[in-house]
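Visitor: Sharing input_28.csv, CSV, C-alpha atoms and all ligand atoms:
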chain,number,residue,atom,x,y,z
A,1,MET,CA,-28.8,16.0,18.7
A,2,PRO,CA,-29.2,12.4,19.7
A,3,ASP,CA,-27.8,11.3,23.1
A,4,THR,CA,-24.4,9.7,22.1
A,5,VAL,CA,-22.0,8.0,24.4
A,6,PHE,CA,-19.3,10.4,23.4
A,7,SER,CA,-19.1,13.4,21.1
A,8,PRO,CA,-19.4,12.3,17.4
A,9,PRO,CA,-16.3,13.0,15.3
A,10,GLU,CA,-16.1,16.4,13.6
A,11,PRO,CA,-17.1,16.2,9.9
A,12,VAL,CA,-14.2,16.5,7.5
A,13,LEU,CA,-14.9,19.7,5.5
A,14,LEU,CA,-12.9,21.0,2.5
A,15,PRO,CA,-12.9,24.6,1.4
A,16,VAL,CA,-14.5,25.4,-2.0
A,17,LEU,CA,-12.9,28.0,-4.1
A,18,GLY,CA,-15.0,31.2,-4.6
A,19,THR,CA,-17.5,30.5,-1.8
A,20,ALA,CA,-17.7,30.4,1.9
A,21,SER,CA,-19.6,27.0,1.7
A,22,LEU,CA,-17.6,23.9,2.6
A,23,PHE,CA,-17.6,20.5,0.9
A,24,PRO,CA,-18.4,17.7,3.5
A,25,VAL,CA,-16.4,14.5,2.8
A,26,ARG,CA,-18.0,11.1,3.0
A,27,ARG,CA,-15.7,8.5,1.7
A,28,VAL,CA,-12.2,8.6,0.0
A,29,TYR,CA,-11.5,6.2,-2.8
A,30,CYS,CA,-8.1,5.9,-4.6
A,31,VAL,CA,-7.3,4.4,-8.0
A,32,GLY,CA,-4.2,2.2,-8.4
A,33,ARG,CA,-1.9,2.2,-11.5
A,34,ASN,CA,-3.9,4.6,-13.6
A,35,TYR,CA,-1.0,6.0,-15.7
A,36,GLU,CA,0.9,3.6,-18.0
A,37,ALA,CA,4.4,5.0,-17.3
A,38,HIS,CA,3.8,4.8,-13.5
A,39,ALA,CA,2.5,1.2,-13.7
A,40,ARG,CA,5.7,0.4,-15.6
A,41,GLU,CA,8.0,2.1,-13.1
A,42,MET,CA,6.3,0.0,-10.4
A,43,GLY,CA,7.2,-3.2,-12.3
A,44,HIS,CA,3.8,-3.8,-14.0
A,45,SER,CA,3.0,-4.1,-17.7
A,46,GLY,CA,0.9,-0.9,-18.1
A,47,GLU,CA,-1.6,-2.9,-20.1
A,48,ARG,CA,-5.2,-1.7,-19.7
A,49,GLU,CA,-6.6,-3.9,-16.9
A,50,PRO,CA,-9.8,-3.3,-15.0
A,51,PRO,CA,-9.2,-0.5,-12.5
A,52,PHE,CA,-8.7,-1.4,-8.9
A,53,PHE,CA,-9.4,0.7,-5.9
A,54,PHE,CA,-8.3,1.2,-2.3
A,55,GLN,CA,-9.4,3.7,0.3
A,56,LYS,CA,-8.1,6.3,2.7
A,57,ASN,CA,-10.0,7.6,5.7
A,58,PRO,CA,-11.8,11.0,5.3
A,59,ASP,CA,-9.8,12.4,8.2
A,60,ASN,CA,-6.5,11.5,6.4
A,61,LEU,CA,-7.3,14.5,4.1
A,62,VAL,CA,-5.4,17.6,5.2
A,63,ASN,CA,-6.8,20.9,4.0
A,64,ASN,CA,-4.5,22.9,2.0
A,65,GLY,CA,-1.4,20.8,2.7
A,66,GLY,CA,0.7,22.8,5.1
A,67,ARG,CA,2.8,20.4,7.1
A,68,PHE,CA,3.2,16.6,6.5
A,69,PRO,CA,4.6,14.8,9.6
A,70,TYR,CA,6.8,12.0,8.4
A,71,PRO,CA,5.0,8.8,9.6
A,72,ALA,CA,6.4,6.3,12.0
A,73,LEU,CA,7.5,2.7,11.0
A,74,SER,CA,8.6,3.7,7.5
A,75,SER,CA,11.9,4.8,6.0
A,76,SER,CA,10.6,5.1,2.4
A,77,VAL,CA,7.6,7.5,2.0
A,78,HIS,CA,6.8,8.4,-1.6
A,79,HIS,CA,4.9,11.3,-3.1
A,80,GLU,CA,2.1,10.6,-5.6
A,81,VAL,CA,0.4,13.7,-7.1
A,82,GLU,CA,-3.1,13.1,-8.2
A,83,LEU,CA,-6.2,14.8,-9.7
A,84,VAL,CA,-8.9,14.8,-7.0
A,85,VAL,CA,-12.6,14.4,-8.0
A,86,ALA,CA,-15.3,15.6,-5.6
A,87,LEU,CA,-18.8,14.2,-6.1
A,88,LYS,CA,-22.1,16.0,-5.5
A,89,ALA,CA,-24.3,13.1,-6.4
A,90,GLY,CA,-24.1,9.3,-6.3
A,91,GLY,CA,-25.8,6.1,-6.9
A,92,ALA,CA,-25.0,2.6,-8.2
A,93,GLU,CA,-24.3,1.6,-11.8
A,94,ILE,CA,-23.9,5.2,-12.9
A,95,ASP,CA,-23.6,5.6,-16.7
A,96,ALA,CA,-21.1,8.0,-18.4
A,97,ASP,CA,-23.5,10.9,-18.6
A,98,GLY,CA,-24.5,10.4,-14.9
A,99,ALA,CA,-20.8,10.3,-14.0
A,100,ILE,CA,-20.2,13.7,-15.5
A,101,ALA,CA,-23.3,15.1,-13.9
A,102,ALA,CA,-22.2,13.7,-10.5
A,103,ILE,CA,-19.0,15.8,-10.4
A,104,PHE,CA,-19.0,18.8,-8.1
A,105,GLY,CA,-15.4,19.9,-8.7
A,106,TYR,CA,-11.8,19.1,-8.7
A,107,GLY,CA,-8.6,19.6,-6.7
A,108,VAL,CA,-5.1,18.4,-6.5
A,109,GLY,CA,-3.8,16.1,-3.8
A,110,ILE,CA,-0.9,13.9,-2.8
A,111,ASP,CA,-1.3,10.2,-2.1
A,112,PHE,CA,1.6,9.8,0.4
A,113,THR,CA,2.5,6.2,0.5
A,114,ARG,CA,4.7,4.2,2.9
A,115,ARG,CA,6.4,2.4,-0.1
A,116,ASP,CA,8.4,0.0,2.1
A,117,LEU,CA,5.3,-1.2,3.9
A,118,GLN,CA,3.4,-1.4,0.6
A,119,ALA,CA,6.1,-3.6,-0.9
A,120,GLU,CA,6.0,-5.9,2.1
A,121,ALA,CA,2.2,-6.1,1.8
A,122,LYS,CA,2.3,-6.8,-1.9
A,123,ALA,CA,4.9,-9.6,-1.4
A,124,ALA,CA,2.8,-11.2,1.4
A,125,GLY,CA,-0.6,-10.7,-0.4
A,126,LYS,CA,-1.7,-8.5,2.4
A,127,PRO,CA,-3.8,-5.3,2.3
A,128,TRP,CA,-2.3,-1.9,1.7
A,129,THR,CA,-4.1,-0.1,4.6
A,130,ALA,CA,-0.9,0.7,6.7
A,131,ALA,CA,0.9,1.9,3.5
A,132,LYS,CA,-1.9,4.2,2.4
A,133,ALA,CA,-4.5,5.2,5.0
A,134,PHE,CA,-2.3,6.7,7.7
A,135,GLU,CA,-2.5,10.1,9.5
A,136,PHE,CA,-2.0,13.1,7.3
A,137,SER,CA,-1.5,10.9,4.2
A,138,ALA,CA,-3.6,12.9,1.8
A,139,PRO,CA,-3.0,16.7,1.7
A,140,VAL,CA,-5.5,18.2,-0.7
A,141,SER,CA,-6.1,21.6,-2.2
A,142,PRO,CA,-9.5,23.5,-1.9
A,143,ILE,CA,-12.1,22.1,-4.3
A,144,THR,CA,-12.6,24.1,-7.5
A,145,PRO,CA,-16.2,23.7,-8.8
A,146,VAL,CA,-16.7,22.6,-12.3
A,147,ALA,CA,-17.1,25.8,-14.4
A,148,SER,CA,-19.3,25.7,-17.4
A,149,GLY,CA,-18.7,22.1,-18.3
A,150,LYS,CA,-14.9,22.5,-18.4
A,151,HIS,CA,-13.3,19.3,-17.0
A,152,PRO,CA,-9.6,19.0,-16.5
A,153,PHE,CA,-9.1,16.0,-18.7
A,154,GLU,CA,-6.1,17.3,-20.7
A,155,ASN,CA,-4.3,19.3,-18.1
A,156,ARG,CA,-0.8,19.3,-16.9
A,157,ILE,CA,-0.2,17.5,-13.6
A,158,TRP,CA,3.1,18.1,-11.9
A,159,LEU,CA,5.0,17.8,-8.6
A,160,SER,CA,8.3,19.2,-7.5
A,161,VAL,CA,10.5,18.5,-4.5
A,162,ASN,CA,12.7,21.4,-3.4
A,163,GLY,CA,12.2,23.0,-6.8
A,164,ASP,CA,13.2,19.9,-8.8
A,165,MET,CA,10.4,18.7,-11.1
A,166,ARG,CA,9.8,15.0,-10.3
A,167,GLN,CA,6.4,14.3,-11.8
A,168,ASP,CA,5.3,16.1,-15.0
A,169,ALA,CA,2.5,14.7,-17.1
A,170,THR,CA,-1.0,15.3,-18.3
A,171,THR,CA,-4.3,14.0,-17.1
A,172,ALA,CA,-4.9,12.9,-20.7
A,173,GLU,CA,-2.5,10.0,-20.0
A,174,MET,CA,-4.9,8.3,-17.5
A,175,ILE,CA,-5.6,4.7,-18.5
A,176,TRP,CA,-9.1,5.0,-17.0
A,177,ARG,CA,-10.6,8.4,-17.6
A,178,VAL,CA,-12.6,10.2,-14.8
A,179,PRO,CA,-16.1,9.3,-16.0
A,180,GLU,CA,-15.0,5.6,-16.5
A,181,ILE,CA,-13.6,5.6,-12.9
A,182,ILE,CA,-16.9,6.8,-11.6
A,183,CYS,CA,-18.8,4.2,-13.6
A,184,GLU,CA,-16.6,1.4,-12.5
A,185,LEU,CA,-16.5,2.5,-8.8
A,186,SER,CA,-20.3,2.7,-8.8
A,187,ARG,CA,-20.6,-0.9,-9.9
A,188,LEU,CA,-18.7,-2.0,-6.8
A,189,PHE,CA,-20.0,0.6,-4.3
A,190,THR,CA,-23.0,2.9,-3.9
A,191,LEU,CA,-21.5,6.4,-4.4
A,192,ALA,CA,-23.0,9.4,-2.6
A,193,PRO,CA,-22.5,13.2,-2.4
A,194,GLY,CA,-19.3,13.9,-0.5
A,195,ASP,CA,-17.3,11.0,-2.0
A,196,VAL,CA,-13.8,12.0,-3.0
A,197,ILE,CA,-11.7,10.1,-5.6
A,198,LEU,CA,-7.9,10.3,-6.0
A,199,THR,CA,-7.5,9.3,-9.6
A,200,GLY,CA,-4.0,7.8,-9.6
A,201,THR,CA,-0.5,9.2,-10.2
A,202,PRO,CA,1.7,9.7,-13.2
A,203,ALA,CA,5.3,8.5,-13.4
A,204,GLY,CA,8.1,10.0,-11.3
A,205,VAL,CA,7.1,8.9,-7.8
A,206,GLY,CA,9.9,9.1,-5.3
A,207,ALA,CA,10.9,9.4,-1.7
A,208,VAL,CA,10.5,12.5,0.5
A,209,HIS,CA,12.5,13.4,3.5
A,210,ARG,CA,12.1,15.6,6.5
A,211,GLY,CA,12.8,19.2,5.5
A,212,ASP,CA,11.6,18.8,2.0
A,213,ARG,CA,9.3,21.3,0.4
A,214,VAL,CA,6.8,19.7,-2.0
A,215,ASP,CA,4.8,21.8,-4.5
A,216,CYS,CA,2.3,20.3,-6.9
A,217,GLY,CA,-0.6,21.2,-9.1
A,218,VAL,CA,-3.1,20.5,-11.8
A,219,ASP,CA,-3.0,23.5,-14.2
A,220,GLY,CA,-6.3,25.2,-14.4
A,221,VAL,CA,-7.5,23.5,-11.2
A,222,ALA,CA,-5.3,24.2,-8.1
A,223,THR,CA,-1.9,24.1,-6.6
A,224,LEU,CA,-0.8,22.8,-3.2
A,225,SER,CA,2.4,23.1,-1.1
A,226,VAL,CA,3.5,20.8,1.7
A,227,ASP,CA,6.5,20.9,4.1
A,228,VAL,CA,7.7,17.5,5.2
A,229,ILE,CA,8.5,17.7,9.0
A,301,MN,MN,-1.9,6.8,-5.7
Please lay out the structure from this file as structure tokens.
Guide:
Amino acid sequence: MPDTVFSPPEPVLLPVLGTASLFPVRRVYCVGRNYEAHAREMGHSGEREPPFFFQKNPDNLVNNGGRFPYPALSSSVHHEVELVVALKAGGAEIDADGAIAAIFGYGVGIDFTRRDLQAEAKAAGKPWTAAKAFEFSAPVSPITPVASGKHPFENRIWLSVNGDMRQDATTAEMIWRVPEIICELSRLFTLAPGDVILTGTPAGVGAVHRGDRVDCGVDGVATLSVDVI
């Protein structure tokens, strides 16, 4: 170990289904407006525009959900259920075949969003960081490794609050499909093993409140449950 001025931060490690090995997280990228009906519910056209990206911090990921402490300075925190992609390889300007080969596995996660702060930021042309990259803002399931080339590209994605179904769609509705997302990201950034991508949310986002129970899943991949406290 090098002599450091204080202890280095603990690595962020996600469990991997079916093994004792852990997935070490490097960066967390998120895709904006990747389902037409969600783009429309947020007041946008839903036309296919180039994808855009923002980031969360690796330590915003919360293993297996559990409890989501309602964040300070917001009174409108929304759930966004998303298919999570975990990379085992990287590079720049990855092509479609390379994108598929780079995928280690998948999970389900929630991109919790301070919608009020995001609306203020949008109106002022300011960044979304405070709306997106706050503590505990990304509960995620364990990672399910890709099994025999089966990718969850036509799978139901859903989220319920206190048993009421709020988001219910299929990953086939993505505007930018997973390989395209990886290709586009890799033109902007050099990707690497450990990078995690939240691939956008379908329609039906809405507010959560303290005391709510949130359940979500991508069928064939994983489920996740979170209590808002
Ligand atoms: Mn999102």
Visitor: Hey, which of A:Val214, A:Met165, A:Leu198, A:Ala147 ends up closest to Gly18 (chain A)? Count all atoms listed in the file.
Guide: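 Result for the nearest residue to Gly18 (chain A): A:Ala147.
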Visitor: Using Å and a single decimal, report how far CA of Lys88 (chain A) sits from CA of Val25 (chain A).
Guide: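 These two atoms are separated by 10.2 Å.
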Visitor: I want to know what sits within 12 Å of Phe189 (chain A), based on all atoms listed in the file, with residues of the same chain fewer than 2 positions away left out; could you give that as a ChimeraX atom specification?
Guide: /A:27-29,53-55,90-94,181-187,191-192,195
Visitor: Given all atoms listed in the file as the basis, pick out the residue of A:Asn34, A:Ser75, A:Ser148, A:Asn63 nearest to Phe104 (chain A).
Guide: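 With all atoms listed in the file as the atom set, the closest residue is A:Ser148.
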Visitor: Check every protein, DNA and RNA residue against ligand MN 301 (chain A), keep those with an atom at most 8 Å away (counting all atoms listed in the file), and present them as a ChimeraX atom specification.
Guide: /A:30-33,80-82,110-113,198-201
Visitor: I need the residue nearest Arg213 (chain A) from this list: A:His78, A:Lys56, A:Arg67, A:His151. Use all atoms listed in the file for the distance.
Guide: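 Smallest distance to Arg213 (chain A) is found for A:Arg67.
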Visitor: Pick out the closest residue to His209 (chain A) from this set: A:Ala99, A:Val84, A:Ala131, A:Val226. Count all atoms listed in the file.
Guide: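 That would be A:Val226, the residue with the smallest distance to His209 (chain A).
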Visitor: At a cut-off of 7 Å from (5.3, 22.5, -5.9) in the coordinates of the file, what residues are picked up using all atoms listed in the file, written as a list in words?
Guide: Leu159, Ser160, Val161, Gly163, Val214, Asp215, Cys216, Gly217, Leu224 and Ser225 of chain A
Visitor: For those residues, write C-alpha atoms to a file as a PDB file, in the coordinates of the input.
Guide:
ATOM      1  CA  LEU A 159       5.000  17.800  -8.600  1.00  0.00           C
ATOM      2  CA  SER A 160       8.300  19.200  -7.500  1.00  0.00           C
ATOM      3  CA  VAL A 161      10.500  18.500  -4.500  1.00  0.00           C
ATOM      4  CA  GLY A 163      12.200  23.000  -6.800  1.00  0.00           C
ATOM      5  CA  VAL A 214       6.800  19.700  -2.000  1.00  0.00           C
ATOM      6  CA  ASP A 215       4.800  21.800  -4.500  1.00  0.00           C
ATOM      7  CA  CYS A 216       2.300  20.300  -6.900  1.00  0.00           C
ATOM      8  CA  GLY A 217      -0.600  21.200  -9.100  1.00  0.00           C
ATOM      9  CA  LEU A 224      -0.800  22.800  -3.200  1.00  0.00           C
ATOM     10  CA  SER A 225       2.400  23.100  -1.100  1.00  0.00           C
TER      11      SER A 225
END
Visitor: As an exercise, work out the distance from CA of Val208 (chain A) to CA of His79 (chain A) in Å and give it to one decimal place.
Guide: 6.8 Å
